[in-house]
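Peer 1: Got a file for you: final_19.cif, mmCIF, C-alpha atoms.
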```
data_my_file
loop_
_atom_site.label_atom_id
_atom_site.label_comp_id
_atom_site.auth_asym_id
_atom_site.auth_seq_id
_atom_site.Cartn_x
_atom_site.Cartn_y
_atom_site.Cartn_z
CA MET U 548 15.80 37.91 -42.04
CA SER U 549 13.46 39.95 -39.91
CA SER U 550 11.49 38.51 -37.05
CA THR U 551 8.33 39.80 -38.71
CA ALA U 552 8.38 36.99 -41.22
CA ALA U 553 9.00 34.42 -38.54
CA ALA U 554 6.12 35.87 -36.57
CA GLY U 555 3.87 35.15 -39.54
CA ALA U 556 3.29 31.66 -38.19
CA ILE U 557 0.74 31.63 -35.38
CA ASP U 558 2.16 30.72 -31.97
CA HIS U 559 -0.67 28.66 -30.53
CA HIS U 560 0.79 28.25 -27.07
CA HIS U 561 1.77 31.80 -26.19
CA ASP U 562 0.09 35.17 -26.53
CA SER U 563 2.26 38.28 -26.34
CA THR U 564 -0.81 40.51 -25.93
CA THR U 565 -1.58 39.28 -22.41
CA VAL U 566 0.36 39.99 -19.21
CA THR U 567 0.94 36.30 -18.53
CA GLY U 568 1.82 35.49 -22.14
CA ILE U 569 -0.94 32.87 -22.06
CA PRO U 570 -4.16 33.31 -24.08
CA ASN U 571 -6.99 34.33 -21.72
CA LYS U 572 -9.29 31.49 -22.83
CA LYS U 573 -6.64 28.92 -22.03
CA LEU U 574 -5.90 30.53 -18.66
CA LEU U 575 -9.62 30.50 -17.82
CA MET U 576 -9.86 26.82 -18.73
CA TRP U 577 -6.85 25.88 -16.58
CA ALA U 578 -8.32 27.81 -13.62
CA PHE U 579 -11.67 26.04 -14.09
CA LEU U 580 -9.99 22.63 -14.31
CA ALA U 581 -8.01 23.34 -11.13
CA SER U 582 -11.29 24.09 -9.31
CA ASP U 583 -12.94 21.00 -10.83
CA CYS U 584 -10.09 18.91 -9.36
CA MET U 585 -11.29 19.89 -5.89
CA PHE U 586 -14.91 19.08 -6.80
CA PHE U 587 -14.03 15.56 -7.96
CA GLY U 588 -11.56 15.15 -5.10
CA CYS U 589 -14.41 15.57 -2.60
CA LEU U 590 -16.69 13.14 -4.46
CA ILE U 591 -13.95 10.49 -4.73
CA SER U 592 -12.94 10.80 -1.08
CA THR U 593 -16.60 10.54 0.03
CA HIS U 594 -16.90 7.28 -1.92
CA LEU U 595 -13.63 5.95 -0.48
CA ILE U 596 -14.58 6.83 3.12
CA TYR U 597 -17.76 4.77 2.90
CA ARG U 598 -15.96 1.92 1.14
CA LEU U 599 -13.35 1.82 3.91
CA HIS U 600 -16.06 1.88 6.61
CA PRO U 601 -19.11 0.27 4.99
CA PRO U 602 -22.30 0.49 7.05
CA PRO U 603 -24.13 -2.80 7.72
CA GLY U 604 -26.06 -4.16 4.76
CA THR U 605 -23.82 -2.61 2.13
CA PRO U 606 -23.72 -4.91 -0.94
CA ASN U 607 -20.38 -6.34 -2.05
CA ALA U 608 -19.19 -4.03 -4.83
CA ARG U 609 -17.26 -6.90 -6.44
CA ASP U 610 -20.56 -8.75 -7.04
CA VAL U 611 -22.04 -5.64 -8.65
CA PHE U 612 -19.24 -4.26 -10.83
CA SER U 613 -18.27 -5.57 -14.25
CA ILE U 614 -14.53 -5.04 -14.70
CA GLU U 615 -14.65 -6.07 -18.37
CA LEU U 616 -17.13 -3.36 -19.31
CA THR U 617 -15.31 -0.71 -17.28
CA SER U 618 -11.95 -1.64 -18.83
CA PHE U 619 -13.48 -1.31 -22.27
CA SER U 620 -14.89 2.13 -21.34
CA THR U 621 -11.46 3.19 -20.06
CA PHE U 622 -9.79 2.12 -23.30
CA ILE U 623 -12.41 3.99 -25.35
CA LEU U 624 -11.91 7.18 -23.34
CA LEU U 625 -8.12 6.94 -23.74
CA MET U 626 -8.51 6.59 -27.49
CA SER U 627 -10.90 9.56 -27.55
CA SER U 628 -8.16 11.58 -25.83
CA LEU U 629 -5.76 10.61 -28.62
CA MET U 630 -8.25 11.76 -31.26
CA MET U 631 -8.80 15.03 -29.37
CA ALA U 632 -5.03 15.67 -29.27
CA LEU U 633 -4.90 15.00 -33.02
CA ALA U 634 -7.82 17.41 -33.55
CA VAL U 635 -5.89 20.18 -31.77
CA ASN U 636 -2.81 19.33 -33.83
CA SER U 637 -4.89 19.52 -37.03
CA ILE U 638 -6.41 22.97 -36.34
CA GLN U 639 -2.98 24.32 -35.42
CA LYS U 640 -1.74 23.20 -38.83
CA GLY U 641 -4.87 24.66 -40.46
CA ASN U 642 -5.98 21.22 -41.69
CA LEU U 643 -9.78 21.49 -41.42
CA LYS U 644 -10.50 18.15 -43.07
CA SER U 645 -8.33 16.30 -40.56
CA LEU U 646 -9.89 18.35 -37.74
CA ARG U 647 -13.41 17.26 -38.76
CA TRP U 648 -12.49 13.57 -38.86
CA SER U 649 -10.70 13.79 -35.51
CA LEU U 650 -13.64 15.61 -33.89
CA LEU U 651 -16.12 13.13 -35.35
CA THR U 652 -14.12 10.17 -34.01
CA THR U 653 -13.83 11.83 -30.59
CA ILE U 654 -17.61 12.37 -30.51
CA PHE U 655 -18.13 8.73 -31.56
CA PHE U 656 -15.87 7.45 -28.76
CA GLY U 657 -17.54 9.80 -26.28
CA LEU U 658 -20.96 8.43 -27.23
CA ILE U 659 -19.71 4.83 -26.87
CA PHE U 660 -18.46 5.70 -23.37
CA LEU U 661 -21.83 7.23 -22.47
CA GLY U 662 -23.64 4.20 -23.93
CA CYS U 663 -21.53 1.88 -21.77
CA GLN U 664 -22.33 3.99 -18.72
CA VAL U 665 -26.07 3.95 -19.41
CA TYR U 666 -25.89 0.15 -19.89
CA GLU U 667 -23.93 -0.20 -16.64
CA PHE U 668 -26.39 1.96 -14.68
CA ARG U 669 -29.39 0.03 -16.06
CA ASN U 670 -27.71 -3.25 -15.20
CA PHE U 671 -26.97 -2.10 -11.64
CA VAL U 672 -30.49 -0.82 -11.03
CA PHE U 673 -32.58 -3.54 -12.68
CA GLU U 674 -30.35 -6.64 -12.40
CA LYS U 675 -28.24 -5.99 -9.28
CA HIS U 676 -30.88 -3.88 -7.49
CA LEU U 677 -28.39 -1.16 -6.59
CA THR U 678 -30.05 2.26 -6.68
CA ILE U 679 -28.99 5.73 -5.61
CA THR U 680 -31.25 5.54 -2.53
CA ASN U 681 -31.08 1.94 -1.24
CA SER U 682 -27.47 1.92 -0.04
CA ILE U 683 -24.53 4.21 0.68
CA LEU U 684 -22.55 2.39 -2.03
CA GLY U 685 -25.26 3.29 -4.57
CA THR U 686 -25.43 6.90 -3.40
CA THR U 687 -21.70 7.60 -3.61
CA PHE U 688 -21.14 5.49 -6.74
CA PHE U 689 -23.97 6.97 -8.81
CA THR U 690 -23.21 10.53 -7.66
CA LEU U 691 -19.52 10.22 -8.57
CA THR U 692 -19.79 8.35 -11.87
CA GLY U 693 -22.97 10.25 -12.81
CA THR U 694 -21.20 13.59 -12.34
CA HIS U 695 -18.34 12.34 -14.49
CA GLY U 696 -20.82 11.12 -17.11
CA LEU U 697 -22.45 14.56 -17.10
CA HIS U 698 -19.03 16.09 -17.81
CA VAL U 699 -18.60 13.68 -20.75
CA LEU U 700 -22.06 14.61 -22.07
CA ILE U 701 -21.22 18.34 -21.90
CA GLY U 702 -17.96 17.56 -23.72
CA VAL U 703 -19.78 15.68 -26.48
CA ILE U 704 -22.22 18.59 -26.96
CA TRP U 705 -19.29 21.04 -27.08
CA LEU U 706 -17.43 18.83 -29.60
CA THR U 707 -20.54 18.61 -31.78
CA ALA U 708 -20.90 22.40 -31.76
CA MET U 709 -17.25 22.74 -32.82
CA LEU U 710 -17.76 20.21 -35.61
CA ILE U 711 -20.76 22.17 -36.91
CA TYR U 712 -18.80 25.45 -36.67
CA SER U 713 -16.01 23.92 -38.76
CA PHE U 714 -18.52 23.45 -41.60
CA THR U 715 -20.13 26.89 -41.29
CA GLY U 716 -16.80 28.75 -41.38
CA ARG U 717 -16.95 29.97 -37.78
CA LEU U 718 -13.93 27.80 -36.94
CA THR U 719 -10.65 28.51 -38.71
CA GLU U 720 -6.94 28.24 -37.86
CA LYS U 721 -7.21 31.58 -36.03
CA ASP U 722 -9.70 29.96 -33.62
CA ALA U 723 -7.29 27.15 -32.70
CA ILE U 724 -7.36 28.36 -29.09
CA ASP U 725 -11.08 27.47 -28.88
CA VAL U 726 -10.37 23.88 -29.94
CA GLU U 727 -7.37 23.76 -27.62
CA SER U 728 -9.48 24.91 -24.64
CA MET U 729 -12.10 22.29 -25.48
CA GLY U 730 -9.29 19.73 -25.74
CA LEU U 731 -8.10 20.62 -22.24
CA TYR U 732 -11.61 20.00 -20.91
CA TRP U 733 -11.86 16.65 -22.72
CA HIS U 734 -8.47 15.44 -21.47
CA PHE U 735 -9.45 16.49 -17.96
CA VAL U 736 -12.51 14.25 -18.19
CA ASP U 737 -10.08 11.48 -19.18
CA ILE U 738 -7.72 12.02 -16.24
CA VAL U 739 -10.64 12.07 -13.79
CA TRP U 740 -11.69 8.68 -15.20
CA ILE U 741 -8.12 7.39 -14.78
CA VAL U 742 -8.46 8.11 -11.04
CA ILE U 743 -12.04 6.77 -10.81
CA PHE U 744 -11.06 3.56 -12.62
CA THR U 745 -8.38 2.83 -10.03
CA ALA U 746 -10.03 4.22 -6.88
CA VAL U 747 -13.60 3.04 -7.45
CA TYR U 748 -13.28 -0.11 -9.56
CA LEU U 749 -9.83 -1.75 -9.40
CA LEU U 750 -9.35 -1.40 -5.63
CA GLU U 751 -12.51 -3.46 -5.10
CA TYR U 752 -10.79 -6.47 -6.70
CA LEU U 753 -7.87 -6.62 -4.25
CA MET W 1157 20.54 35.75 -32.86
CA ILE W 1158 17.28 35.50 -34.79
CA ALA W 1159 16.75 32.32 -36.80
CA PRO W 1160 15.75 32.79 -40.43
CA ALA W 1161 11.98 32.56 -40.98
CA SER W 1162 12.29 29.49 -43.21
CA THR W 1163 14.34 27.66 -40.57
CA ALA W 1164 11.92 28.62 -37.82
CA HIS W 1165 8.97 27.49 -39.92
CA ALA W 1166 10.70 24.19 -40.79
CA SER W 1167 11.52 23.42 -37.16
CA GLY W 1168 7.94 24.29 -36.20
CA HIS W 1169 6.63 21.93 -38.87
CA GLU W 1170 8.96 19.16 -37.67
CA LEU W 1171 7.70 19.68 -34.09
CA GLU W 1172 4.07 19.38 -35.25
CA GLN W 1173 4.94 16.20 -37.20
CA SER W 1174 6.80 14.69 -34.26
CA LYS W 1175 3.88 15.59 -31.96
CA PHE W 1176 1.58 13.40 -34.08
CA TRP W 1177 3.78 10.34 -33.49
CA ILE W 1178 4.30 11.25 -29.83
CA PHE W 1179 0.51 11.27 -29.35
CA VAL W 1180 0.01 7.94 -31.15
CA GLN W 1181 2.82 6.22 -29.22
CA LEU W 1182 1.58 7.71 -25.96
CA ALA W 1183 -1.95 6.41 -26.53
CA MET W 1184 -0.54 2.91 -27.11
CA LEU W 1185 1.53 3.21 -23.94
CA LEU W 1186 -1.53 4.32 -21.94
CA ALA W 1187 -3.49 1.32 -23.26
CA VAL W 1188 -0.64 -1.00 -22.20
CA ILE W 1189 -0.52 0.56 -18.71
CA THR W 1190 -4.31 0.07 -18.40
CA GLY W 1191 -3.78 -3.61 -19.29
CA LEU W 1192 -1.04 -3.83 -16.64
CA GLU W 1193 -3.41 -2.35 -14.05
CA LEU W 1194 -5.95 -5.04 -14.86
CA VAL W 1195 -3.36 -7.80 -14.49
CA THR W 1196 -2.07 -6.28 -11.23
CA VAL W 1197 -5.34 -6.81 -9.32
CA TYR W 1198 -5.12 -10.57 -9.91
CA LEU W 1199 -1.48 -10.96 -8.81
CA PRO W 1200 -0.90 -13.00 -5.61
CA PHE W 1201 1.04 -10.33 -3.71
CA MET W 1202 0.41 -8.50 -0.46
CA LYS W 1203 -2.39 -5.94 -0.65
CA TRP W 1204 -0.22 -2.90 0.13
CA ILE W 1205 2.14 -3.77 -2.73
CA LEU W 1206 -0.76 -4.04 -5.16
CA VAL W 1207 -2.30 -0.76 -3.94
CA ALA W 1208 1.08 0.98 -4.31
CA ALA W 1209 1.51 -0.48 -7.82
CA LEU W 1210 -1.97 0.70 -8.86
CA VAL W 1211 -1.39 4.19 -7.45
CA ILE W 1212 1.95 4.47 -9.28
CA LEU W 1213 0.53 3.20 -12.59
CA SER W 1214 -2.47 5.55 -12.49
CA THR W 1215 -0.19 8.46 -11.51
CA VAL W 1216 2.05 7.72 -14.51
CA LYS W 1217 -1.02 7.70 -16.80
CA PHE W 1218 -2.26 10.94 -15.22
CA MET W 1219 1.09 12.69 -15.70
CA PHE W 1220 1.50 11.53 -19.29
CA VAL W 1221 -1.95 12.88 -20.20
CA ILE W 1222 -1.50 16.28 -18.54
CA PHE W 1223 2.06 16.88 -19.80
CA TYR W 1224 1.64 15.58 -23.36
CA PHE W 1225 -2.04 15.50 -24.39
CA MET W 1226 -2.78 18.69 -22.42
CA HIS W 1227 0.43 20.30 -23.76
CA LEU W 1228 1.80 21.33 -20.34
CA ARG W 1229 5.25 20.23 -21.56
CA TRP W 1230 5.18 22.89 -24.27
CA ASP W 1231 3.19 25.57 -22.40
CA LYS W 1232 4.36 28.26 -20.02
CA ALA W 1233 5.14 27.06 -16.49
CA PHE W 1234 2.32 29.24 -15.10
CA CYS W 1235 -0.29 26.81 -16.52
CA THR W 1236 1.41 23.92 -14.70
CA ILE W 1237 1.58 25.90 -11.45
CA LEU W 1238 -2.08 26.94 -11.71
CA PHE W 1239 -3.29 23.39 -12.31
CA PHE W 1240 -1.06 21.92 -9.61
CA ILE W 1241 -2.44 24.40 -7.07
CA GLY W 1242 -5.88 22.86 -7.66
CA LEU W 1243 -4.42 19.36 -7.69
CA VAL W 1244 -2.52 19.81 -4.42
CA LEU W 1245 -5.57 21.37 -2.73
CA ALA W 1246 -7.74 18.48 -3.94
CA GLY W 1247 -5.16 15.89 -2.86
CA GLY W 1248 -4.79 17.58 0.54
CA THR W 1249 -8.57 17.67 1.03
CA MET W 1250 -8.82 13.97 0.12
CA TRP W 1251 -6.00 13.04 2.50
CA ALA W 1252 -7.51 15.13 5.32
CA LEU W 1253 -10.99 13.64 4.84
CA LEU W 1254 -9.68 10.07 4.73
CA LYS W 1255 -7.63 10.66 7.91
CA LEU W 1256 -10.51 12.43 9.66
CA PHE W 1257 -12.98 9.64 8.93
CA SER W 1258 -10.56 6.90 9.92
CA VAL W 1259 -10.83 8.10 13.54
CA ALA W 1260 -13.00 5.67 15.58
CA ASP W 1261 -15.61 8.29 16.53
CA SER W 1262 -16.19 9.13 12.86
CA LYS W 1263 -16.92 5.59 11.72
CA PRO W 1264 -20.52 4.93 10.67
CA LEU W 1265 -22.72 3.31 13.34
CA THR W 1266 -23.21 -0.44 13.20
CA LEU W 1267 -26.36 -2.36 14.14
CA ASP W 1268 -25.11 -3.09 17.65
CA ALA W 1269 -23.91 0.48 18.13
CA PRO W 1270 -26.96 1.65 20.16
CA ALA W 1271 -26.32 -1.09 22.74
CA ALA W 1272 -22.66 -0.12 22.93
CA ILE W 1273 -23.63 3.52 23.47
CA VAL W 1274 -26.04 2.52 26.26
CA ARG W 1275 -23.28 0.49 27.93
CA THR W 1276 -20.89 3.45 27.71
CA VAL W 1277 -23.44 5.85 29.25
CA ALA W 1278 -24.29 3.41 32.07
#
```
So, in terms of structure tokens, how does the structure I just supplied come out?

Peer 2:
Amino acid sequence: MSSTAAAGAIDHHHDSTTVTGIPNKKLLMWAFLASDCMFFGCLISTHLIYRLHPPPGTPNARDVFSIELTSFSTFILLMSSLMMALAVNSIQKGNLKSLRWSLLTTIFFGLIFLGCQVYEFRNFVFEKHLTITNSILGTTFFTLTGTHGLHVLIGVIWLTAMLIYSFTGRLTEKDAIDVESMGLYWHFVDIVWIVIFTAVYLLEYL
Amino acid sequence: MIAPASTAHASGHELEQSKFWIFVQLAMLLAVITGLELVTVYLPFMKWILVAALVILSTVKFMFVIFYFMHLRWDKAFCTILFFIGLVLAGGTMWALLKLFSVADSKPLTLDAPAAIVRTVA
């Protein structure tokens, strides 16, 4: 049997038309994520430096944080990552119906995460009196988690656009690389939260 | 030797099917590890042991997500190298900053710091 027939199936991971053998959109996304690692690395280390050497008057983070809410948010984001992986799997198999349900669930989980973050921020500001300006803890915490939340919001908007495109016919099996690139971004948001959950929240409870 | 198209297609289909179950099992595993992390902070062990345990658990979660959910396991090695360049640079920057700011002169001033400075100058 000729290789032509075998080549009929789309290879979603490799692209023989590029020098690297990797689709350009995917390569661009990996390069962006590598640079975003450094961005979040600086924000996380700034927070850790001031937690290790807290200036006088810094509130006790343990009295402010709610580990139950944050654990729930972490679980939700992990599940959204599962649904995103299933969405990529669906588009690669050309199953648009499954793709739509997976995208919709991912959006739903993303919105729950954002809702939890808004609730947490409101609680910190109005109940615990921790604002972005009244202490170093507030400044580093809100900057770090707020930047992460902004990434989640961008991801939700991107997911919604993809969901709409799947109904209008602008997203087919041939565009699987677009969904895969978006998936990489969404999983990156998840791995950043894995680090934040440990470095910012859990370490405060030791 | 080139595999027949039907065989290649069948093995590809099996891989996609197995990926589905890999993802589901992995998500369950990640949820269990998150639960373990929560339990860890309440264990009555020395602080350095708990910190090491938390770092290891979160690293395991991190690696599982990037190699399975982000498909690095099935992608070309160049993607892994590219991402790890960013990761190593970020990790190095974090380590350098934490070391730099652990030096006494870099610590934030305390309320009695001005008096201490005056004493030093005198």

Peer 1: Go through the shown structure with the PyMOL selection byres ((chain U) within 7 of (chain W)) and write out the matching residues as a PyMOL selection string.

Peer 2: chain U and resi 548+550+552-553+560+577-578+581-582+584-585+588-589+592+596+600+602-603+622+625-626+629+632-633+731+734+738+741-742+745+749+752-753

Peer 1: Output C-alpha atoms of each residue in that selection to a file, as a compact mmCIF listing (two decimals), in the frame of the given file.

Peer 2:
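File produced: part_35.txt:
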```
# COMPACT_ATOMS: atom_id res chain seq x y z
CA MET U 548 15.80 37.91 -42.04
CA SER U 550 11.49 38.51 -37.05
CA ALA U 552 8.38 36.99 -41.22
CA ALA U 553 9.00 34.42 -38.54
CA HIS U 560 0.79 28.25 -27.07
CA TRP U 577 -6.85 25.88 -16.58
CA ALA U 578 -8.32 27.81 -13.62
CA ALA U 581 -8.01 23.34 -11.13
CA SER U 582 -11.29 24.09 -9.31
CA CYS U 584 -10.09 18.91 -9.36
CA MET U 585 -11.29 19.89 -5.89
CA GLY U 588 -11.56 15.15 -5.10
CA CYS U 589 -14.41 15.57 -2.60
CA SER U 592 -12.94 10.80 -1.08
CA ILE U 596 -14.58 6.83 3.12
CA HIS U 600 -16.06 1.88 6.61
CA PRO U 602 -22.30 0.49 7.05
CA PRO U 603 -24.13 -2.80 7.72
CA PHE U 622 -9.79 2.12 -23.30
CA LEU U 625 -8.12 6.94 -23.74
CA MET U 626 -8.51 6.59 -27.49
CA LEU U 629 -5.76 10.61 -28.62
CA ALA U 632 -5.03 15.67 -29.27
CA LEU U 633 -4.90 15.00 -33.02
CA LEU U 731 -8.10 20.62 -22.24
CA HIS U 734 -8.47 15.44 -21.47
CA ILE U 738 -7.72 12.02 -16.24
CA ILE U 741 -8.12 7.39 -14.78
CA VAL U 742 -8.46 8.11 -11.04
CA THR U 745 -8.38 2.83 -10.03
CA LEU U 749 -9.83 -1.75 -9.40
CA TYR U 752 -10.79 -6.47 -6.70
CA LEU U 753 -7.87 -6.62 -4.25
```

Peer 1: List as a ChimeraX atom specification the protein and nucleic acid residues near Leu684 in chain U, meaning an atom at most 8 Å away when all atoms listed in the file are counted, but skip any in the same chain fewer than 4 places from it.

Peer 2: /U:594,597-598,605-606,608,688

Peer 1: I would like the residues chosen by the PyMOL selection byres ((chain U and resi 648-658) around 9) on the shown file; could you give them as number ranges by chain?

Peer 2: U: 623-624, 626-635, 637, 643-647, 659-663, 699-700, 702-704, 706-707, 709-710

Peer 1: For CA of Ile1189 in chain W and CA of Ile1205 in chain W, determine how far apart the two atoms are, in Å to one decimal place.

Peer 2: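 Result for CA of Ile1189 in chain W versus CA of Ile1205 in chain W: 16.8 Å, one decimal.
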
Peer 1: Report, in Å to a single decimal, how far apart CA of Asn636 in chain U and CA of Leu718 in chain U are.

Peer 2: 14.3 Å

Peer 1: Go through U:Thr719, U:Ile711, U:Ser618, U:Leu574 and flag the residue nearest Val1195 in chain W, using all atoms listed in the file for the distances.

Peer 2: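 Of U:Thr719, U:Ile711, U:Ser618, U:Leu574, the one nearest Val1195 in chain W, counting all atoms listed in the file, is U:Ser618.
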
Peer 1: For CA of Gly604 in chain U and CA of Ser682 in chain U, quote the distance in Å rounded to one decimal.

Peer 2: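 Going from CA of Gly604 in chain U over to CA of Ser682 in chain U covers 7.9 Å.
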
Peer 1: Taking all atoms of range 1184-1190 of chain W that appear in the file, build a box with edges along x, y and z, extend it by 3 Å on every side, and state its centre and edge lengths in Å to one decimal, as lines of an AutoDock Vina configuration file.

Peer 2:
```
center_x = -1.4
center_y = 1.7
center_z = -22.8
size_x = 11.8
size_y = 11.3
size_z = 14.7
```

Peer 1: Neighbours of Thr692 in chain U within 9 Å (all atoms listed in the file; same-chain residues fewer than 5 positions away dropped), as number ranges by chain?

Peer 2: U: 664, 687, 697, 740, 743

Peer 1: Using C-alpha atoms, can you export the residues from the last selection as a PDB file, in the frame of the given file?

Peer 2:
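Wrote it out as selection34.pdb, contents follow:
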```pdb
ATOM      1  CA  GLN U 664     -22.330   3.990 -18.720  1.00  0.00           C
ATOM      2  CA  THR U 687     -21.700   7.600  -3.610  1.00  0.00           C
ATOM      3  CA  LEU U 697     -22.450  14.560 -17.100  1.00  0.00           C
ATOM      4  CA  TRP U 740     -11.690   8.680 -15.200  1.00  0.00           C
ATOM      5  CA  ILE U 743     -12.040   6.770 -10.810  1.00  0.00           C
TER       6      ILE U 743
END
```

Peer 1: Kindly indicate which residue among U:Ile614, U:Ile724, U:Val672, U:Ile701 lies nearest to Leu575 in chain U, using all atoms listed in the file for the distances.

Peer 2: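 Among U:Ile614, U:Ile724, U:Val672, U:Ile701, it is U:Ile724 that comes nearest to Leu575 in chain U.
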
Peer 1: Applied to the shown file, which residues does the PyMOL selection byres ((chain U and resi 721) around 9) return, written as a PyMOL selection string?

Peer 2: chain U and resi 557+638-639+641+718-720+722-724
